[in-house]
$ cat work_28.cif   # mmCIF, C-alpha atoms and all ligand atoms
data_upload
#
loop_
_atom_site.label_atom_id
_atom_site.label_comp_id
_atom_site.auth_asym_id
_atom_site.auth_seq_id
_atom_site.Cartn_x
_atom_site.Cartn_y
_atom_site.Cartn_z
CA MET V 227 39.05 104.59 47.06
CA THR V 228 38.46 103.29 50.60
CA THR V 229 41.67 103.48 52.62
CA TYR V 230 42.72 101.49 55.68
CA HIS V 231 45.33 101.78 58.39
CA LEU V 232 46.46 98.78 60.46
CA TRP V 233 48.32 99.52 63.69
CA THR V 234 49.93 96.50 65.33
CA ILE V 235 51.59 95.94 68.69
CA GLY V 236 52.85 92.74 70.28
CA CYS V 237 54.15 89.42 69.03
CA GLN V 238 54.78 88.06 65.52
CA MET V 239 51.41 86.31 65.70
CA ASN V 240 49.78 89.76 65.72
CA VAL V 241 51.99 90.87 62.83
CA ALA V 242 50.87 87.79 60.86
CA ASP V 243 47.20 88.40 61.73
CA SER V 244 47.47 92.01 60.55
CA GLU V 245 49.10 90.88 57.30
CA ARG V 246 46.23 88.48 56.65
CA LEU V 247 43.61 91.12 57.41
CA GLY V 248 45.49 93.54 55.12
CA ALA V 249 45.41 90.91 52.35
CA ALA V 250 41.62 90.57 52.83
CA LEU V 251 41.11 94.34 52.64
CA ASP V 252 43.34 94.52 49.54
CA GLN V 253 41.18 91.82 47.91
CA LEU V 254 38.14 94.02 48.62
CA GLY V 255 39.75 96.89 46.70
CA CYS V 256 40.84 98.97 49.70
CA GLN V 257 44.19 100.72 49.85
CA ALA V 258 46.62 100.86 52.76
CA THR V 259 47.58 104.30 54.06
CA ASP V 260 50.06 105.56 56.65
CA ALA V 261 47.74 108.46 57.52
CA ILE V 262 45.75 107.09 60.45
CA ASP V 263 43.73 110.35 60.79
CA GLN V 264 42.47 110.15 57.22
CA ALA V 265 41.90 106.41 56.88
CA ASP V 266 38.34 105.18 56.25
CA ILE V 267 39.07 102.00 58.21
CA VAL V 268 41.34 101.95 61.25
CA VAL V 269 42.21 98.70 63.01
CA LEU V 270 44.26 98.53 66.21
CA ASN V 271 45.67 95.04 66.68
CA SER V 272 46.25 94.83 70.43
CA CYS V 273 48.40 92.97 72.97
CA VAL V 274 47.81 92.35 76.67
CA VAL V 275 50.87 90.30 77.56
CA ARG V 276 52.20 93.26 79.58
CA GLN V 277 50.34 96.15 81.20
CA GLY V 278 52.46 98.64 79.23
CA ALA V 279 51.22 97.27 75.89
CA GLU V 280 47.59 97.38 77.02
CA ASP V 281 47.99 100.99 78.23
CA LYS V 282 49.43 101.98 74.85
CA VAL V 283 46.42 100.54 73.01
CA ALA V 284 43.96 102.22 75.38
CA GLY V 285 45.77 105.56 74.89
CA ARG V 286 45.59 105.22 71.13
CA LEU V 287 41.91 104.31 71.23
CA HIS V 288 41.17 107.42 73.29
CA SER V 289 43.17 109.61 70.91
CA LEU V 290 41.10 108.32 67.96
CA ARG V 291 37.77 109.25 69.54
CA HIS V 292 37.57 112.79 68.18
CA GLY V 293 38.41 111.68 64.61
CA LYS V 294 35.79 108.94 64.72
CA GLU V 295 33.12 111.33 66.00
CA SER V 296 33.88 113.88 63.27
CA ARG V 297 33.80 111.12 60.60
CA PRO V 298 30.99 108.80 61.68
CA ASP V 299 31.13 106.87 58.37
CA SER V 300 34.65 105.67 59.09
CA ILE V 301 35.16 102.27 60.75
CA LEU V 302 37.21 101.87 63.91
CA ALA V 303 37.97 98.30 65.01
CA LEU V 304 39.84 96.85 67.97
CA MET V 305 41.38 93.44 67.26
CA GLY V 306 43.67 91.01 69.08
CA CYS V 307 44.29 89.82 72.61
CA MET V 308 42.60 92.77 74.32
CA VAL V 309 39.30 91.37 73.03
CA GLY V 310 38.06 88.46 75.14
CA PRO V 311 34.82 86.46 74.87
CA ASP V 312 32.90 89.13 76.83
CA THR V 313 33.25 92.58 75.26
CA SER V 314 30.75 94.48 77.45
CA GLU V 315 33.45 96.25 79.50
CA LEU V 316 35.35 97.26 76.35
CA ARG V 317 32.13 98.59 74.79
CA ARG V 318 31.55 100.67 77.90
CA ARG V 319 35.09 102.07 77.93
CA PHE V 320 35.33 102.67 74.18
CA PRO V 321 31.81 103.42 72.86
CA HIS V 322 33.24 104.98 69.67
CA VAL V 323 34.68 101.62 68.50
CA ASP V 324 32.54 99.90 65.83
CA CYS V 325 33.74 96.31 66.15
CA PHE V 326 35.67 94.19 68.56
CA LEU V 327 37.49 91.31 66.87
CA ARG V 328 39.07 88.40 68.73
CA PRO V 329 42.52 87.27 67.53
CA GLN V 330 42.33 85.86 63.96
CA GLU V 331 38.57 86.41 63.90
CA PHE V 332 38.18 89.38 61.59
CA GLY V 333 35.14 88.07 59.67
CA GLU V 334 32.80 90.73 61.12
CA LEU V 335 34.98 93.54 59.76
CA VAL V 336 35.35 91.82 56.37
CA ARG V 337 31.55 91.49 56.08
CA LEU V 338 31.13 95.17 56.99
CA VAL V 339 33.58 96.21 54.28
CA GLU V 340 32.06 93.76 51.75
CA ALA V 341 28.66 95.41 52.28
CA ARG V 342 30.16 98.88 52.01
CA GLU V 343 32.20 98.14 48.87
CA GLY V 344 29.64 95.82 47.22
CA VAL V 345 32.22 93.09 46.58
CA CYS V 346 32.92 89.73 48.16
CA ILE V 347 36.16 88.09 49.19
CA ASP V 348 37.26 84.90 47.38
CA ALA V 349 37.04 82.39 50.23
CA ALA V 350 39.16 79.86 48.31
CA MET V 351 42.19 82.19 48.11
CA PRO V 352 44.76 82.05 50.93
CA LEU V 353 45.07 85.45 52.60
CA VAL V 354 48.58 86.29 51.52
CA PRO V 355 49.95 89.85 51.16
CA ALA V 356 50.39 90.98 47.55
CA ALA V 357 53.94 92.23 48.27
CA PRO V 358 55.18 90.31 51.33
CA SER V 359 58.55 90.85 53.01
CA VAL V 360 61.37 88.61 51.90
CA ALA V 361 61.21 86.95 55.34
CA THR V 362 57.68 86.52 56.56
CA PHE V 363 55.45 84.60 58.98
CA VAL V 364 52.82 81.90 58.53
CA PRO V 365 50.62 80.93 61.50
CA ILE V 366 50.32 77.13 61.79
CA ILE V 367 48.61 76.71 65.15
CA HIS V 368 46.34 79.09 67.02
CA GLY V 369 45.79 79.24 70.77
CA CYS V 370 47.48 77.38 73.60
CA ASP V 371 46.47 74.54 75.94
CA LYS V 372 49.23 75.00 78.51
CA PHE V 373 47.75 77.55 80.95
CA CYS V 374 51.04 78.66 82.51
CA THR V 375 49.93 80.52 85.65
CA PHE V 376 51.23 83.94 84.51
CA CYS V 377 49.91 83.86 80.96
CA ILE V 378 46.75 85.43 79.53
CA ILE V 379 47.12 83.90 76.04
CA PRO V 380 44.94 80.77 76.47
CA TYR V 381 42.08 82.97 77.73
CA ARG V 382 42.32 85.30 74.75
CA ARG V 383 43.46 83.09 71.89
CA GLY V 384 41.58 79.97 73.01
CA ARG V 385 42.55 76.30 72.82
CA GLU V 386 45.00 74.92 70.24
CA ARG V 387 43.77 74.65 66.65
CA SER V 388 46.23 73.48 64.00
CA ARG V 389 45.91 74.38 60.35
CA PRO V 390 46.04 71.39 57.98
CA VAL V 391 49.44 70.58 56.43
CA ALA V 392 48.14 71.06 52.86
CA GLU V 393 46.75 74.51 53.69
CA VAL V 394 50.04 75.68 55.22
CA VAL V 395 52.10 74.27 52.32
CA ARG V 396 49.82 75.98 49.79
CA GLU V 397 50.29 79.30 51.57
CA VAL V 398 54.07 78.87 51.76
CA ALA V 399 54.14 78.06 48.01
CA MET V 400 52.09 81.15 47.20
CA LEU V 401 54.44 83.29 49.30
CA ALA V 402 57.43 81.80 47.45
CA GLN V 403 55.80 82.77 44.14
CA ARG V 404 55.54 86.32 45.48
CA GLY V 405 59.25 86.51 46.26
CA VAL V 406 59.44 85.29 49.86
CA LYS V 407 62.70 83.45 50.64
CA GLU V 408 62.26 82.75 54.34
CA VAL V 409 59.16 81.62 56.22
CA THR V 410 58.79 81.39 59.99
CA LEU V 411 56.04 78.97 61.03
CA LEU V 412 54.27 80.57 63.97
CA GLY V 413 52.31 79.50 67.00
CA GLN V 414 52.19 80.07 70.73
CA ASN V 415 53.45 76.50 71.00
CA VAL V 416 54.50 75.23 67.57
CA ASP V 417 55.87 71.98 69.01
CA SER V 418 52.36 70.76 69.76
CA TYR V 419 51.33 71.32 66.12
CA GLY V 420 49.07 68.66 64.62
CA HIS V 421 47.85 66.71 67.65
CA ASP V 422 44.30 67.87 66.86
CA LEU V 423 44.46 66.97 63.15
CA THR V 424 43.38 63.71 61.55
CA GLY V 425 46.35 61.36 61.37
CA GLY V 426 48.25 63.44 63.94
CA PRO V 427 50.99 64.97 61.78
CA ASP V 428 53.59 66.78 63.88
CA LEU V 429 55.88 69.74 63.35
CA ALA V 430 58.53 67.44 61.85
CA ASP V 431 56.03 66.33 59.18
CA LEU V 432 55.07 69.92 58.43
CA LEU V 433 58.70 71.05 58.19
CA THR V 434 59.42 68.12 55.86
CA ALA V 435 56.50 69.11 53.60
CA CYS V 436 57.47 72.81 53.58
CA ASN V 437 61.09 71.89 52.88
CA GLU V 438 59.94 70.71 49.42
CA VAL V 439 58.47 74.07 48.40
CA GLN V 440 60.35 75.51 45.40
CA GLY V 441 61.80 78.97 45.89
CA ILE V 442 61.84 78.90 49.69
CA GLN V 443 65.42 79.02 50.96
CA ARG V 444 64.91 79.07 54.72
CA LEU V 445 62.36 77.81 57.24
CA ARG V 446 62.13 78.68 60.92
CA PHE V 447 59.55 78.08 63.65
CA LEU V 448 58.54 80.04 66.75
CA THR V 449 57.86 79.53 69.69
CA SER V 450 58.71 76.19 71.23
CA HIS V 451 57.70 74.65 74.54
CA PRO V 452 60.32 72.43 76.23
CA ASN V 453 57.72 69.78 77.08
CA ASP V 454 56.61 69.32 73.49
CA MET V 455 59.95 69.47 71.67
CA SER V 456 60.34 65.82 70.66
CA GLN V 457 63.49 64.10 69.41
CA ARG V 458 61.65 63.74 66.07
CA ILE V 459 61.40 67.54 65.79
CA ILE V 460 65.07 67.98 66.78
CA ASP V 461 66.13 65.42 64.16
CA ALA V 462 64.01 67.12 61.50
CA VAL V 463 65.59 70.50 62.23
CA ALA V 464 69.06 68.93 62.12
CA SER V 465 68.50 67.06 58.85
CA LEU V 466 66.27 69.23 56.63
CA ASP V 467 68.45 71.52 54.51
CA LYS V 468 66.14 74.56 54.51
CA VAL V 469 65.27 74.45 58.21
CA CYS V 470 67.56 76.88 60.02
CA GLU V 471 69.52 75.84 63.08
CA PHE V 472 67.74 78.19 65.42
CA ILE V 473 65.43 77.50 68.35
CA ASN V 474 63.76 79.84 70.82
CA LEU V 475 63.19 77.65 73.86
CA PRO V 476 61.56 79.65 76.69
CA VAL V 477 62.77 78.50 80.11
CA GLN V 478 61.10 81.33 82.13
CA ALA V 479 62.98 80.48 85.38
CA GLY V 480 65.91 78.40 86.59
CA ASP V 481 64.51 77.27 89.93
CA ASN V 482 62.34 74.17 90.23
CA ASP V 483 59.91 75.64 92.77
CA VAL V 484 59.39 78.76 90.65
CA LEU V 485 58.91 76.58 87.56
CA ALA V 486 56.29 74.58 89.48
CA ASN V 487 54.55 77.80 90.58
CA MET V 488 54.53 78.89 86.96
CA ARG V 489 53.09 75.47 86.05
CA ARG V 490 55.63 75.05 83.28
CA GLY V 491 55.65 71.27 83.53
CA TYR V 492 59.42 70.63 83.47
CA SER V 493 62.35 70.87 85.87
CA ARG V 494 65.63 72.70 85.31
CA GLU V 495 67.33 69.29 84.98
CA GLU V 496 64.92 68.24 82.21
CA TYR V 497 65.45 71.58 80.46
CA LEU V 498 69.24 71.22 80.61
CA GLU V 499 69.00 67.67 79.30
CA LEU V 500 66.88 68.90 76.36
CA VAL V 501 69.44 71.61 75.56
CA HIS V 502 72.13 68.92 75.61
CA ARG V 503 70.18 66.80 73.11
CA ILE V 504 69.59 69.80 70.82
CA ARG V 505 73.29 70.75 70.87
CA THR V 506 74.35 67.16 70.29
CA ALA V 507 72.20 67.06 67.14
CA MET V 508 73.18 70.62 66.06
CA PRO V 509 76.45 71.88 67.56
CA GLY V 510 76.12 75.33 65.91
CA VAL V 511 72.48 75.91 66.82
CA GLY V 512 71.39 79.44 67.71
CA LEU V 513 69.58 79.13 71.02
CA THR V 514 67.53 81.88 72.64
CA THR V 515 65.15 81.91 75.59
CA ASP V 516 62.55 83.92 77.52
CA VAL V 517 62.89 84.62 81.25
CA ILE V 518 60.50 86.27 83.71
CA VAL V 519 62.15 87.91 86.73
CA GLY V 520 60.31 88.70 89.96
CA PHE V 521 57.61 86.05 89.64
CA PRO V 522 55.44 85.92 92.83
CA GLY V 523 57.38 84.36 95.67
CA GLU V 524 60.71 84.27 93.77
CA THR V 525 63.44 84.74 96.39
CA PRO V 526 66.89 86.19 95.64
CA GLU V 527 68.28 82.65 96.02
CA GLN V 528 65.78 81.27 93.52
CA PHE V 529 66.69 84.06 91.12
CA GLU V 530 70.34 82.99 91.48
CA GLN V 531 69.26 79.63 90.06
CA THR V 532 68.10 81.44 86.92
CA ILE V 533 71.45 83.22 86.70
CA ASP V 534 73.18 79.88 87.11
CA LEU V 535 71.11 78.26 84.35
CA VAL V 536 71.78 81.16 81.97
CA ARG V 537 75.51 80.87 82.68
CA ARG V 538 75.46 77.11 82.10
CA VAL V 539 73.49 77.17 78.86
CA ARG V 540 75.13 80.28 77.39
CA PHE V 541 72.20 81.32 75.23
CA ASP V 542 72.75 83.52 72.19
CA LYS V 543 70.08 85.87 73.51
CA VAL V 544 67.71 86.10 76.47
CA HIS V 545 64.42 87.99 76.26
CA ILE V 546 63.88 89.22 79.81
CA ALA V 547 60.56 90.45 81.21
CA MET V 548 59.70 91.73 84.68
CA TYR V 549 56.65 89.90 86.00
CA SER V 550 53.45 91.86 85.53
CA PRO V 551 50.18 90.35 86.84
CA ARG V 552 47.56 89.89 84.15
CA PRO V 553 43.96 89.98 85.37
CA GLY V 554 42.21 86.65 84.92
CA THR V 555 45.31 84.46 85.09
CA ILE V 556 45.92 81.83 87.78
CA ALA V 557 48.88 83.78 89.19
CA TRP V 558 46.78 86.97 89.40
CA ARG V 559 44.09 85.08 91.33
CA LYS V 560 46.28 83.02 93.64
CA GLN V 561 49.82 84.39 93.85
CA PRO V 562 50.37 87.89 95.31
CA ASP V 563 52.75 90.09 93.30
CA ASP V 564 55.14 90.31 96.25
CA VAL V 565 58.48 91.18 94.62
CA SER V 566 58.92 94.95 94.62
CA HIS V 567 59.35 96.85 91.37
CA ALA V 568 62.83 97.97 92.47
CA GLU V 569 63.87 94.37 93.10
CA LYS V 570 62.44 93.23 89.75
CA LYS V 571 64.48 95.96 88.09
CA ARG V 572 67.61 94.88 89.96
CA ARG V 573 67.14 91.29 88.80
CA TYR V 574 66.40 92.44 85.26
CA ARG V 575 69.63 94.44 85.11
CA ALA V 576 71.72 91.71 86.73
CA LEU V 577 70.53 89.15 84.21
CA GLU V 578 70.86 91.58 81.33
CA ASP V 579 74.49 92.36 82.25
CA ILE V 580 75.42 88.69 82.49
CA GLN V 581 73.72 87.84 79.22
CA GLN V 582 75.28 90.81 77.45
CA ALA V 583 78.75 89.55 78.37
CA ILE V 584 77.85 86.03 77.20
CA SER V 585 76.41 87.28 73.88
CA GLN V 586 79.50 89.38 73.33
CA GLU V 587 81.79 86.39 73.94
CA ILE V 588 79.77 84.13 71.64
CA ASN V 589 79.65 86.72 68.86
CA GLN V 590 83.39 87.39 69.16
CA THR V 591 84.07 83.79 68.17
CA LEU V 592 82.52 84.64 64.78
CA LEU V 593 85.09 87.34 64.00
CA GLY V 594 86.84 86.45 60.73
CA VAL V 595 84.50 83.60 59.77
CA THR V 596 82.18 83.58 56.76
CA VAL V 597 78.43 83.16 57.10
CA ASP V 598 75.44 83.13 54.74
CA VAL V 599 73.17 86.16 55.21
CA LEU V 600 69.71 86.62 53.74
CA ILE V 601 69.43 90.37 53.20
CA GLU V 602 66.07 91.60 54.46
CA GLY V 603 66.38 95.36 54.18
CA ARG V 604 68.34 98.51 54.74
CA GLN V 605 68.70 100.60 57.89
CA ASP V 606 70.96 103.58 58.60
CA LYS V 607 72.45 103.27 55.11
CA ARG V 608 73.54 99.68 55.73
CA TRP V 609 72.09 96.44 54.47
CA GLN V 610 70.95 94.07 57.15
CA GLY V 611 69.99 90.44 57.29
CA ARG V 612 70.27 87.29 59.36
CA THR V 613 72.41 84.21 59.50
CA ARG V 614 70.79 80.78 59.59
CA SER V 615 71.33 80.83 63.36
CA ASN V 616 69.34 84.10 63.45
CA LYS V 617 72.17 86.53 64.16
CA LEU V 618 71.57 90.06 62.93
CA VAL V 619 74.28 91.15 60.46
CA HIS V 620 74.92 94.65 59.12
CA LEU V 621 76.70 94.66 55.79
CA GLU V 622 78.74 97.17 53.84
CA GLY V 623 78.69 97.19 50.07
CA ASP V 624 76.18 97.21 47.26
CA ARG V 625 74.10 94.17 47.81
CA TYR V 626 70.57 93.60 46.76
CA PHE V 627 67.48 93.24 48.81
CA GLY V 628 66.32 89.64 49.04
CA GLU V 629 69.66 88.17 48.04
CA THR V 630 71.53 85.56 50.08
CA VAL V 631 75.20 86.44 50.28
CA THR V 632 78.28 85.00 51.89
CA ALA V 633 79.71 87.56 54.29
CA HIS V 634 83.04 87.90 56.01
CA ILE V 635 82.49 88.99 59.64
CA THR V 636 84.61 92.04 60.42
CA GLY V 637 83.17 93.21 63.73
CA THR V 638 80.93 92.07 66.56
CA THR V 639 78.94 93.45 69.47
CA ALA V 640 76.66 91.68 71.93
CA TRP V 641 73.66 92.46 69.72
CA SER V 642 74.85 92.12 66.14
CA LEU V 643 77.61 91.30 63.68
CA GLN V 644 79.18 93.58 61.08
CA GLY V 645 80.43 92.16 57.83
CA LYS V 646 81.43 92.55 54.23
CA ALA V 647 79.54 90.67 51.57
CA ILE V 648 82.03 88.78 49.44
CA LYS V 649 79.87 86.82 47.00
CA PRO V 650 76.41 85.40 46.45
CA ALA V 651 76.01 82.35 48.62
CA LYS V 652 75.92 78.82 47.18
CA THR V 653 72.16 78.65 47.54
CA MET V 654 71.80 81.60 45.18
CA LEU V 655 74.26 80.16 42.68
CA ALA V 656 72.38 76.88 42.73
CA ILE V 657 69.10 78.68 42.11
CA ALA V 658 70.62 80.86 39.41
CA GLY V 659 72.19 77.82 37.69
S1 LIG O 701 52.97 77.92 76.72
FE1 LIG O 701 53.32 80.09 76.23
S2 LIG O 701 51.40 80.86 75.35
FE2 LIG O 701 50.94 78.91 76.37
S3 LIG O 701 50.26 79.48 78.42
FE3 LIG O 701 52.47 79.08 78.58
S4 LIG O 701 53.49 81.07 78.22
FE4 LIG O 701 51.32 81.26 77.56
#

$ encode --input "work_28.cif" --output "structure tokens"
Amino acid sequence: MTTYHLWTIGCQMNVADSERLGAALDQLGCQATDAIDQADIVVLNSCVVRQGAEDKVAGRLHSLRHGKESRPDSILALMGCMVGPDTSELRRRFPHVDCFLRPQEFGELVRLVEAREGVCIDAAMPLVPAAPSVATFVPIIHGCDKFCTFCIIPYRRGRERSRPVAEVVREVAMLAQRGVKEVTLLGQNVDSYGHDLTGGPDLADLLTACNEVQGIQRLRFLTSHPNDMSQRIIDAVASLDKVCEFINLPVQAGDNDVLANMRRGYSREEYLELVHRIRTAMPGVGLTTDVIVGFPGETPEQFEQTIDLVRRVRFDKVHIAMYSPRPGTIAWRKQPDDVSHAEKKRRYRALEDIQQAISQEINQTLLGVTVDVLIEGRQDKRWQGRTRSNKLVHLEGDRYFGETVTAHITGTTAWSLQGKAIKPAKTMLAIAG
């Protein structure tokens, strides 16, 4: 039997793309294997958001050269954001790679395998894994139209293309039939979903439609853009019973001049006003953000504005990145990378320390309360799952994978909660009854 190995790095969009490619290869009769050196088909799904990720992919490609040369019948493919419209440089650097596949565009590989296996894929079937995780991802919009000055994504994933509502709902329903309880609707900017579709449905319409799917207990969406998060979307999140009260709302910087240099399209005041509206509609919302420190020209005073914003908002979590210039972006062309690495590190640590204290304080308020946890798996002999507000919870006791339980919180850290499952949650009882 033909075996395949998918290696994935980067964001959830890449994870979802790999799952869909895996589903296609399964349909063609291939079998997944962990043994990369023995696989007949090896696909590296790449990321270029940071230099470190790109270096890792290049290193792995080099290490696979010998194996490919000793097994010329095997297929080696590079997929994802490392593959732009012009692949000539990649072909020169990695002559042992058979195909270069742009994000989501794995048709060339599928055709190669179809010819090799003598079977064809059923084009009418959604590409859904045969045994998906209990909490999984469904891409709803590809690409991005925003062109933030630091970001390579629009150049690699192209302009925004939304998937029709009916197609997404059908996929969510199929996942529910296969045991999925939680679906995260994915896109680089999910809040702009639908503007390119006939009739202009928006994310609120899509969430409303997915909320009706039998068997699904929770819906989430990732990632939002402050400029496109409408009151309609906020109201939908607040009112639809399956849509979790959790929003990742990247701010990137707290200073207006830096935000303008990043071409984010909003001011700190507008961002704070949006947070106020979200919290008014959902007082218990889990709110996280992304921040870049050391963007070109960012002064220590401007960085203090980011610290101030983080202190004011009190996010549940902040994903911090040190600025790294990406060739081809506007910032790479026009804005010199003039903040030293040591200073970027200092800012990273300062922000991390402040956020750690905030997360700890927020999580401490949950000590002794009960929360519903969807159990997603087991790690270090403990069950683990998430609350509706997306807090990671480790649980003692004999609970079952895929079950939603009510848990009593017995301990907290800045990063997670510890608890004791006390009974199946109401949602499970309702389903069971
Ligand atoms: S909105 Fe996000 S994906 Fe789009 S360009 Fe900006 S940072 Fe990149």

$ closest_atom_pairs --input "work_28.cif" --of "chain V" --to "ligand LIG 701 (chain O)" --cutoff "9 Å" --atoms "only C-alpha atoms and all ligand atoms" --output "CSV"
residue,atom,partner,partner_atom,distance
V:Gly369,CA,O:LIG701,S2,7.4
V:Cys370,CA,O:LIG701,FE2,4.7
V:Asp371,CA,O:LIG701,FE2,6.3
V:Lys372,CA,O:LIG701,S3,4.6
V:Phe373,CA,O:LIG701,S3,4.1
V:Cys374,CA,O:LIG701,FE3,4.2
V:Thr375,CA,O:LIG701,S3,7.3
V:Phe376,CA,O:LIG701,S4,7.3
V:Cys377,CA,O:LIG701,FE4,4.5
V:Ile378,CA,O:LIG701,FE4,6.5
V:Ile379,CA,O:LIG701,FE4,5.2
V:Pro380,CA,O:LIG701,S3,5.8
V:Tyr381,CA,O:LIG701,S3,8.9
V:Arg383,CA,O:LIG701,S2,8.9
V:Gly413,CA,O:LIG701,S2,8.5
V:Gln414,CA,O:LIG701,S2,4.8
V:Asn415,CA,O:LIG701,S1,5.9
V:Thr449,CA,O:LIG701,FE1,8.0
V:Ser450,CA,O:LIG701,S1,8.1
V:His451,CA,O:LIG701,S1,6.1
V:Pro476,CA,O:LIG701,FE1,8.3
V:Gln478,CA,O:LIG701,S4,8.6
V:Met488,CA,O:LIG701,FE3,8.6
V:Arg489,CA,O:LIG701,FE3,8.3
V:Arg490,CA,O:LIG701,FE3,7.0

$ closest_residue --input "work_28.cif" --among "V:Gly512, V:Gly310, V:Pro329, V:Gly293" --to "Arg446 (chain V)" --atoms "all atoms listed in the file"
V:Gly512

$ atom_distance --input "work_28.cif" --atom1 "CA of Leu466 (chain V)" --atom2 "CA of Glu438 (chain V)"
9.7 Å

$ closest_residue --input "work_28.cif" --among "V:Ala303, V:Ala341, V:Leu643, V:Val241" --to "Leu316 (chain V)" --atoms "only C-alpha atoms"
V:Ala303

$ atom_distance --input "work_28.cif" --atom1 "CA of Val323 (chain V)" --atom2 "CA of Leu302 (chain V)"
5.2 Å

$ residues_around --input "work_28.cif" --residues "Leu535 (chain V)" --least-positions-apart "2" --cutoff "12 Å" --atoms "all atoms listed in the file" --output "ChimeraX atom specification"
/V:477-482,493-499,501,515,517,528-533,537-541,544,577,580-581

$ write_last_selection --input "work_28.cif" --atoms "C-alpha atoms" --output "mmCIF file, keeping the file's coordinate frame"
data_model
loop_
_atom_site.group_PDB
_atom_site.id
_atom_site.type_symbol
_atom_site.label_atom_id
_atom_site.label_comp_id
_atom_site.auth_asym_id
_atom_site.auth_seq_id
_atom_site.Cartn_x
_atom_site.Cartn_y
_atom_site.Cartn_z
ATOM 1 C CA VAL V 477 62.770 78.500 80.110
ATOM 2 C CA GLN V 478 61.100 81.330 82.130
ATOM 3 C CA ALA V 479 62.980 80.480 85.380
ATOM 4 C CA GLY V 480 65.910 78.400 86.590
ATOM 5 C CA ASP V 481 64.510 77.270 89.930
ATOM 6 C CA ASN V 482 62.340 74.170 90.230
ATOM 7 C CA SER V 493 62.350 70.870 85.870
ATOM 8 C CA ARG V 494 65.630 72.700 85.310
ATOM 9 C CA GLU V 495 67.330 69.290 84.980
ATOM 10 C CA GLU V 496 64.920 68.240 82.210
ATOM 11 C CA TYR V 497 65.450 71.580 80.460
ATOM 12 C CA LEU V 498 69.240 71.220 80.610
ATOM 13 C CA GLU V 499 69.000 67.670 79.300
ATOM 14 C CA VAL V 501 69.440 71.610 75.560
ATOM 15 C CA THR V 515 65.150 81.910 75.590
ATOM 16 C CA VAL V 517 62.890 84.620 81.250
ATOM 17 C CA GLN V 528 65.780 81.270 93.520
ATOM 18 C CA PHE V 529 66.690 84.060 91.120
ATOM 19 C CA GLU V 530 70.340 82.990 91.480
ATOM 20 C CA GLN V 531 69.260 79.630 90.060
ATOM 21 C CA THR V 532 68.100 81.440 86.920
ATOM 22 C CA ILE V 533 71.450 83.220 86.700
ATOM 23 C CA ARG V 537 75.510 80.870 82.680
ATOM 24 C CA ARG V 538 75.460 77.110 82.100
ATOM 25 C CA VAL V 539 73.490 77.170 78.860
ATOM 26 C CA ARG V 540 75.130 80.280 77.390
ATOM 27 C CA PHE V 541 72.200 81.320 75.230
ATOM 28 C CA VAL V 544 67.710 86.100 76.470
ATOM 29 C CA LEU V 577 70.530 89.150 84.210
ATOM 30 C CA ILE V 580 75.420 88.690 82.490
ATOM 31 C CA GLN V 581 73.720 87.840 79.220
#

$ residues_around --input "work_28.cif" --residues "Val599 (chain V)" --least-positions-apart "3" --cutoff "8 Å" --atoms "only C-alpha atoms" --output "list in words"
Gly611, Arg612, Thr613, Arg614, Val619, Thr630, Val631, Thr632 and Ala633 of chain V

$ closest_residue --input "work_28.cif" --among "V:Ile347, V:Leu304, V:Val275, V:Leu411" --to "Ala361 (chain V)" --atoms "all atoms listed in the file"
V:Leu411

$ residues_near_point --input "work_28.cif" --point "(60.4, 67.8, 73.2)" --cutoff "10 Å" --atoms "only C-alpha atoms" --output "PyMOL selection string"
chain V and resi 417-418+450-460+497+500+503-504

$ closest_residue --input "work_28.cif" --among "V:Asp348, V:Asp579, V:Glu334, V:Asp542" --to "Ala249 (chain V)" --atoms "only C-alpha atoms"
V:Asp348

$ residues_around --input "work_28.cif" --residues "Ala350 (chain V)" --least-positions-apart "4" --cutoff "12 Å" --atoms "all atoms listed in the file" --output "MDAnalysis selection string"
chainID V and resid 250 346 354 393 396:397

$ closest_residue --input "work_28.cif" --among "V:Ala462, V:Ala640, V:Leu621, V:Cys273" --to "Arg604 (chain V)" --atoms "all atoms listed in the file"
V:Leu621

$ residues_near_point --input "work_28.cif" --point "(39.2, 107.4, 74.1)" --cutoff "12 Å" --atoms "only C-alpha atoms" --output "CSV table (one decimal) with C-alpha atoms, keeping the file's coordinate frame"
chain,number,residue,atom,x,y,z
V,281,ASP,CA,48.0,101.0,78.2
V,282,LYS,CA,49.4,102.0,74.8
V,283,VAL,CA,46.4,100.5,73.0
V,284,ALA,CA,44.0,102.2,75.4
V,285,GLY,CA,45.8,105.6,74.9
V,286,ARG,CA,45.6,105.2,71.1
V,287,LEU,CA,41.9,104.3,71.2
V,288,HIS,CA,41.2,107.4,73.3
V,289,SER,CA,43.2,109.6,70.9
V,290,LEU,CA,41.1,108.3,68.0
V,291,ARG,CA,37.8,109.2,69.5
V,292,HIS,CA,37.6,112.8,68.2
V,293,GLY,CA,38.4,111.7,64.6
V,294,LYS,CA,35.8,108.9,64.7
V,295,GLU,CA,33.1,111.3,66.0
V,302,LEU,CA,37.2,101.9,63.9
V,316,LEU,CA,35.4,97.3,76.4
V,317,ARG,CA,32.1,98.6,74.8
V,318,ARG,CA,31.6,100.7,77.9
V,319,ARG,CA,35.1,102.1,77.9
V,320,PHE,CA,35.3,102.7,74.2
V,321,PRO,CA,31.8,103.4,72.9
V,322,HIS,CA,33.2,105.0,69.7
V,323,VAL,CA,34.7,101.6,68.5

$ atom_distance --input "work_28.cif" --atom1 "CA of Glu386 (chain V)" --atom2 "CA of Pro355 (chain V)"
24.7 Å
